[in-house]
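Each remark here refers to the structure printed beneath this line.
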Amino acid sequence: MPTRIPPTDAEFNTFTITATIRLGAASEGGAAEVIESAIPEATTHNLAQGPFSNAIQVKLENTGAASTLTFCRAGNATVGCAPPNIIVAPGASVIIAMGDIPGTGNFLNVTNQFGLGAGSYRVTLPTASFVRLGIPGDVYVSWVNWDNRWAAKYAQYANEDTRTTTITHEKNNLKEDFTAFMQPVLNIIAASPNITEGDRTVFHIKKRDANPTPRETITTAPFVLPFALQGGGNEI
Amino acid sequence: MKFELRVLKDASRPSMHLDADGVEIYWKIGAAPISPADCTEKDTFSTATVLLKINLADAGKRMGGYARWKNISDTNKSGPWSQIFSIVIGS
């Protein structure tokens, strides 16, 4: 059995954060999701439900001729996009990172404000990597929560002013519990038909060598150093 | 007896050949063997450091033998025999 070397705190930190960002980020070459619809005036539509990675790039298009549309992130599907928001004029489009869209929450909404007439939109959302890899949404949410808890606890541990024996134990327990949570998720990723080389690098998942290389004939002889050991022993 | 086997003569520590599963040692106590076929004892080990139990009655006698890297699954790919080694068994 190979010996499993636990990651250092720094490596663990890098892994959780990098991996979480990657999971939420846009898929590599994955098919984008396009949402097109007409939207009556004084109406809000929900376009997508997160959680979203701030790195996701979305394209917001106003395909209407008259009404200006506003886009925002909100706490639920029906909250209208009052300022601050992203304003897209008729016929215009914006490509923007999710993190740059004003508002907080896991819902991407669009509002056609009262008095502007009917409008229409087309929104292009890349598939998130956790979807591409077949990870259930609730598991991804749990993962993000783990990541946040780890970041907070590790920050306490890394600061000598806040580090205590209890904090250290909590940090170690968190790491152990997260590792147990992670293993089935890594199994899902490893078995996914959509896994990419980038995923393998980030998650340290090696590709199985299905074509073993045959060993060559050995052409060199060993150098032998014999030692005469002194003494004796008893065996019962 | 203890044997250390190295791939390179000036290696700092024992090591196994990358293509070998283990090491095969043939030896003879008493008169020096003239070839591996002349040896009376043999064994295969999976490590590059080998501890060999010798009868106490043979203490003080000379032991000689040969070693080679062993490919267990395909013996034809095993390496050539080493030069003869010779040592007096400790008491």
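Ordering of the structure tokens sets the chain letters (A, B, ...); residue numbers start at 1 within each chain; ligands are numbered from 1 in the order shown.
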
Practice item. Give the residues of chain A that lie within 10 Å of chain B; count only C-alpha atoms, and format the answer as an MDAnalysis selection string. Key: chainID A and resid 214:232

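When atom CA of A:Tyr157 is paired with atom CA of A:Val144, their separation reads 19.7 Å.
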
Exercise for review: DSSP on the backbone, then: every residue of chain B marked strand (DSSP E or B), written as a ChimeraX atom specification.
Suggested key: /B:2-6,22-29,41-45,49-51,62-70,85-88

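If you count only C-alpha atoms and ignore residues fewer than 4 places along the chain from A:Phe15, what sits within 9 Å of it is Ala10, Glu11, Ala19, Thr20, Val202 and Phe203 of chain A.
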
Mind dumping the selected residues with C-alpha atoms as a PDB file, in the first residue's frame?
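Contents of result_24.pdb, freshly written:
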ATOM      1  CA  ALA A  10      -0.566  25.746   2.862  1.00  0.00           C
ATOM      2  CA  GLU A  11      -1.188  23.081   0.218  1.00  0.00           C
ATOM      3  CA  ALA A  19     -10.601  23.911  -6.511  1.00  0.00           C
ATOM      4  CA  THR A  20     -13.672  25.780  -5.371  1.00  0.00           C
ATOM      5  CA  VAL A 202      -6.067  20.987 -10.006  1.00  0.00           C
ATOM      6  CA  PHE A 203      -7.563  17.985  -8.254  1.00  0.00           C
TER       7      PHE A 203
END
